>>> print(open('structure22.cif').read())   # mmCIF, C-alpha atoms
data_target
loop_
_atom_site.label_atom_id
_atom_site.label_comp_id
_atom_site.auth_asym_id
_atom_site.auth_seq_id
_atom_site.Cartn_x
_atom_site.Cartn_y
_atom_site.Cartn_z
CA MET F 14 115.71 88.13 56.64
CA THR F 15 114.47 91.12 54.68
CA ASP F 16 110.98 91.13 53.24
CA HIS F 17 112.10 91.93 49.69
CA THR F 18 114.72 90.92 47.15
CA ALA F 19 116.62 93.04 44.66
CA VAL F 20 116.34 91.63 41.14
CA GLY F 21 118.11 92.37 37.90
CA VAL F 22 118.19 90.53 34.61
CA ARG F 23 119.60 91.68 31.27
CA VAL F 24 119.53 90.16 27.80
CA ALA F 25 120.85 91.21 24.40
CA LEU F 26 118.36 91.44 21.55
CA ASN F 27 119.34 90.90 17.93
CA THR F 28 117.47 93.96 16.75
CA GLY F 29 118.24 97.64 16.44
CA PHE F 30 117.32 100.03 19.23
CA HIS F 31 114.84 102.14 17.26
CA ALA F 32 112.92 99.07 16.02
CA ALA F 33 112.83 97.58 19.53
CA ARG F 34 111.66 100.89 21.00
CA ALA F 35 108.85 101.16 18.43
CA ARG F 36 107.76 97.57 19.18
CA LEU F 37 107.85 98.24 22.92
CA LYS F 38 105.50 101.17 22.42
CA VAL F 39 103.05 98.83 20.66
CA LEU F 40 103.32 96.29 23.51
CA ILE F 41 102.52 98.97 26.07
CA GLN F 42 99.40 100.06 24.20
CA GLY F 43 98.06 96.50 24.05
CA GLU F 44 97.59 93.85 26.70
CA ARG F 45 100.81 91.93 26.04
CA LEU F 46 102.93 93.33 28.88
CA PRO F 47 100.23 92.78 31.51
CA ARG F 48 99.68 89.25 30.14
CA ALA F 49 103.43 88.52 30.22
CA SER F 50 103.42 89.77 33.83
CA GLU F 51 100.54 87.45 34.79
CA VAL F 52 102.17 84.43 33.16
CA ALA F 53 105.57 85.10 34.74
CA TYR F 54 104.10 85.70 38.19
CA GLY F 55 101.99 82.54 37.96
CA GLU F 56 105.01 80.46 36.96
CA GLY F 57 107.07 81.93 39.79
CA ILE F 58 104.37 81.28 42.39
CA ALA F 59 103.99 77.69 41.16
CA GLY F 60 107.73 77.24 41.69
CA LEU F 61 107.56 78.89 45.10
CA ALA F 62 104.77 76.51 46.11
CA GLU F 63 106.96 73.54 45.11
CA LEU F 64 109.86 74.83 47.20
CA ALA F 65 108.06 76.36 50.19
CA GLY F 66 104.82 74.39 50.36
CA PRO F 67 101.31 74.73 48.95
CA ALA F 68 100.34 77.69 51.13
CA ALA F 69 102.90 79.83 49.26
CA GLY F 70 100.95 79.25 46.05
CA LEU F 71 97.74 80.82 47.33
CA THR F 72 98.32 84.15 45.64
CA ARG F 73 97.76 85.65 42.22
CA LEU F 74 98.63 88.81 40.37
CA ALA F 75 95.83 91.37 40.81
CA GLY F 76 97.07 94.27 38.72
CA VAL F 77 99.88 95.59 36.58
CA CYS F 78 100.57 99.30 36.40
CA LEU F 79 102.75 100.49 33.54
CA LYS F 80 103.93 104.07 33.55
CA ASP F 81 104.21 105.88 30.23
CA LEU F 82 107.16 105.05 28.02
CA THR F 83 109.89 107.63 28.42
CA LYS F 84 112.36 107.70 25.61
CA THR F 85 115.47 109.47 24.45
CA ASP F 86 117.87 108.72 21.62
CA ASP F 87 119.80 106.33 23.86
CA CYS F 88 117.22 104.83 26.24
CA ALA F 89 113.60 103.75 26.56
CA HIS F 90 112.17 103.20 30.03
CA ILE F 91 108.94 101.96 31.62
CA ALA F 92 108.23 101.78 35.35
CA LEU F 93 106.42 98.58 36.39
CA HIS F 94 104.30 98.02 39.49
CA TRP F 95 102.73 94.63 40.15
CA GLU F 96 100.14 94.13 42.87
CA ALA F 97 99.12 90.67 44.04
CA ILE F 98 96.44 89.23 46.28
CA ALA F 99 97.74 87.26 49.26
CA ALA F 100 96.10 84.12 50.63
CA ASP F 101 94.27 86.27 53.20
CA GLY F 102 92.79 88.47 50.44
CA LYS F 103 94.98 91.52 51.14
CA LEU F 104 96.77 93.34 48.35
CA PHE F 105 100.53 93.63 48.47
CA THR F 106 103.20 95.04 46.19
CA ALA F 107 104.88 92.14 44.38
CA LEU F 108 107.25 94.11 42.14
CA LEU F 109 108.53 97.63 41.64
CA ALA F 110 110.92 97.66 38.70
CA ASP F 111 112.22 99.46 35.65
CA LEU F 112 112.17 97.93 32.16
CA ARG F 113 114.85 99.50 29.97
CA LEU F 114 116.02 99.32 26.38
CA ILE F 115 119.51 100.62 25.64
CA PRO F 116 121.40 100.48 22.33
CA ALA F 117 124.36 98.09 22.53
CA GLY F 118 125.59 98.25 18.93
CA ASP F 119 124.23 98.84 15.44
CA GLN F 120 121.82 95.90 15.51
CA ILE F 121 121.95 94.92 19.19
CA THR F 122 119.78 96.29 21.98
CA ALA F 123 120.07 95.54 25.69
CA LEU F 124 116.78 94.79 27.47
CA SER F 125 116.85 94.81 31.26
CA VAL F 126 114.58 94.65 34.28
CA THR F 127 115.88 95.87 37.64
CA GLY F 128 113.93 96.43 40.79
CA THR F 129 112.55 94.94 43.97
CA TYR F 130 110.43 91.79 44.37
CA TRP F 131 108.28 90.88 47.39
CA PRO F 132 107.15 87.31 48.02
CA PRO F 133 103.62 86.55 49.21
CA PRO F 134 103.33 87.41 52.90
CA GLY F 135 103.12 84.53 55.33
CA ARG F 136 102.41 84.28 59.01
CA ALA F 137 105.22 85.65 61.12
CA GLY F 138 108.17 83.27 60.99
CA THR F 139 106.58 80.96 58.40
CA GLY F 140 107.56 82.70 55.17
CA PRO F 141 109.98 81.15 52.70
CA GLY F 142 113.68 81.60 53.34
CA GLN F 143 115.75 84.20 51.51
CA THR F 144 117.31 81.61 49.18
CA ILE F 145 113.89 80.39 48.07
CA VAL F 146 112.62 83.96 47.63
CA ARG F 147 115.68 84.85 45.52
CA ARG F 148 115.15 81.79 43.30
CA CYS F 149 111.48 82.68 42.86
CA ALA F 150 112.25 86.33 42.10
CA THR F 151 114.87 85.36 39.53
CA ALA F 152 112.46 82.92 37.86
CA VAL F 153 109.63 85.47 37.75
CA ILE F 154 111.76 88.24 36.28
CA GLY F 155 113.56 85.88 33.89
CA SER F 156 110.25 84.56 32.55
CA PHE F 157 108.86 88.07 32.14
CA LEU F 158 112.00 89.29 30.39
CA ASP F 159 112.03 86.27 28.05
CA SER F 160 108.42 86.96 27.01
CA VAL F 161 109.09 90.64 26.38
CA ALA F 162 112.32 89.87 24.49
CA CYS F 163 110.51 87.38 22.27
CA GLU F 164 107.79 89.93 21.49
CA LEU F 165 110.37 92.60 20.66
CA VAL F 166 112.52 90.43 18.39
CA HIS F 167 109.77 88.37 16.70
CA PRO F 168 106.57 90.44 16.97
CA ALA F 169 104.64 88.77 14.12
CA GLY F 170 105.57 85.22 15.07
CA THR F 171 104.79 85.48 18.76
CA ALA F 172 101.24 86.76 18.86
CA GLY F 173 99.93 83.46 20.19
CA LEU F 174 102.83 82.54 22.50
CA LEU F 175 101.48 84.23 25.59
CA ALA F 176 97.99 82.95 24.94
CA ASP F 177 99.32 79.38 24.73
CA ARG F 178 101.12 79.49 28.09
#
>>> encode(input="structure22.cif", output="structure tokens")
Amino acid sequence: MTDHTAVGVRVALNTGFHAARARLKVLIQGERLPRASEVAYGEGIAGLAELAGPAAGLTRLAGVCLKDLTKTDDCAHIALHWEAIAADGKLFTALLADLRLIPAGDQITALSVTGTYWPPPGRAGTGPGQTIVRRCATAVIGSFLDSVACELVHPAGTAGLLADR
């Protein structure tokens, strides 16, 4: 088994590229993307604990690093780096990924996250199996992408969504 899992999720947004890119810039400047990261990671770890046992849930997201938004006329991109604290107190990389916006029509924009996810480290030979890790990674990235998509499509109506989770 490898210690990481490749992840990729893509959704179509019912909004134009330039509007979505402007909203993404606002999200980066605030605390919404880090908060969406924390919520998604927490949900994924809760699911992992259900599938792999309570010890797998003894981790939390410690930090979210967002690189500056790079943008062109046909793409907007942010590099994401999530660090988490393992049960033993050591930091580990939980996610290295790219968040991208790409125009997909006049009023449609594709939002995607692709990268690599690492589960919480366990004692040698006691970590969750690859199938469980893949399910957890997909849930984490899917939850994160859903939150970001909601913020990009309905920015005024979603201000409290992440706070309510």
>>> closest_residue(input="structure22.cif", among="F:Ala92, F:Ile98, F:Val126, F:Val39", to="Ala150 (chain F)", atoms="only C-alpha atoms")
F:Val126
>>> atom_distance(input="structure22.cif", atom1="CA of Leu124 (chain F)", atom2="CA of Val52 (chain F)")
18.8 Å
>>> atom_distance(input="structure22.cif", atom1="CA of Gln42 (chain F)", atom2="CA of Val153 (chain F)")
22.4 Å
>>> closest_residue(input="structure22.cif", among="F:Thr127, F:Phe105, F:Leu114, F:Pro168", to="Asp16 (chain F)", atoms="all atoms listed in the file")
F:Phe105
>>> resolve_selection(input="structure22.cif", expression="the PyMOL selection byres ((chain F and resi 157) around 6)", output="list in words")
Ala49, Ser50, Ala53, Ile154, Gly155, Ser156, Leu158, Asp159 and Ser160 of chain F
>>> write_last_selection(input="structure22.cif", atoms="C-alpha atoms", output="PDB file, in the coordinates of the input")
ATOM      1  CA  ALA F  49     103.430  88.520  30.220  1.00  0.00           C
ATOM      2  CA  SER F  50     103.420  89.770  33.830  1.00  0.00           C
ATOM      3  CA  ALA F  53     105.570  85.100  34.740  1.00  0.00           C
ATOM      4  CA  ILE F 154     111.760  88.240  36.280  1.00  0.00           C
ATOM      5  CA  GLY F 155     113.560  85.880  33.890  1.00  0.00           C
ATOM      6  CA  SER F 156     110.250  84.560  32.550  1.00  0.00           C
ATOM      7  CA  LEU F 158     112.000  89.290  30.390  1.00  0.00           C
ATOM      8  CA  ASP F 159     112.030  86.270  28.050  1.00  0.00           C
ATOM      9  CA  SER F 160     108.420  86.960  27.010  1.00  0.00           C
TER      10      SER F 160
END
>>> resolve_selection(input="structure22.cif", expression="the PyMOL selection byres ((chain F and resi 88) around 9)", output="PyMOL selection string")
chain F and resi 30+34+83-87+89-90+113-116
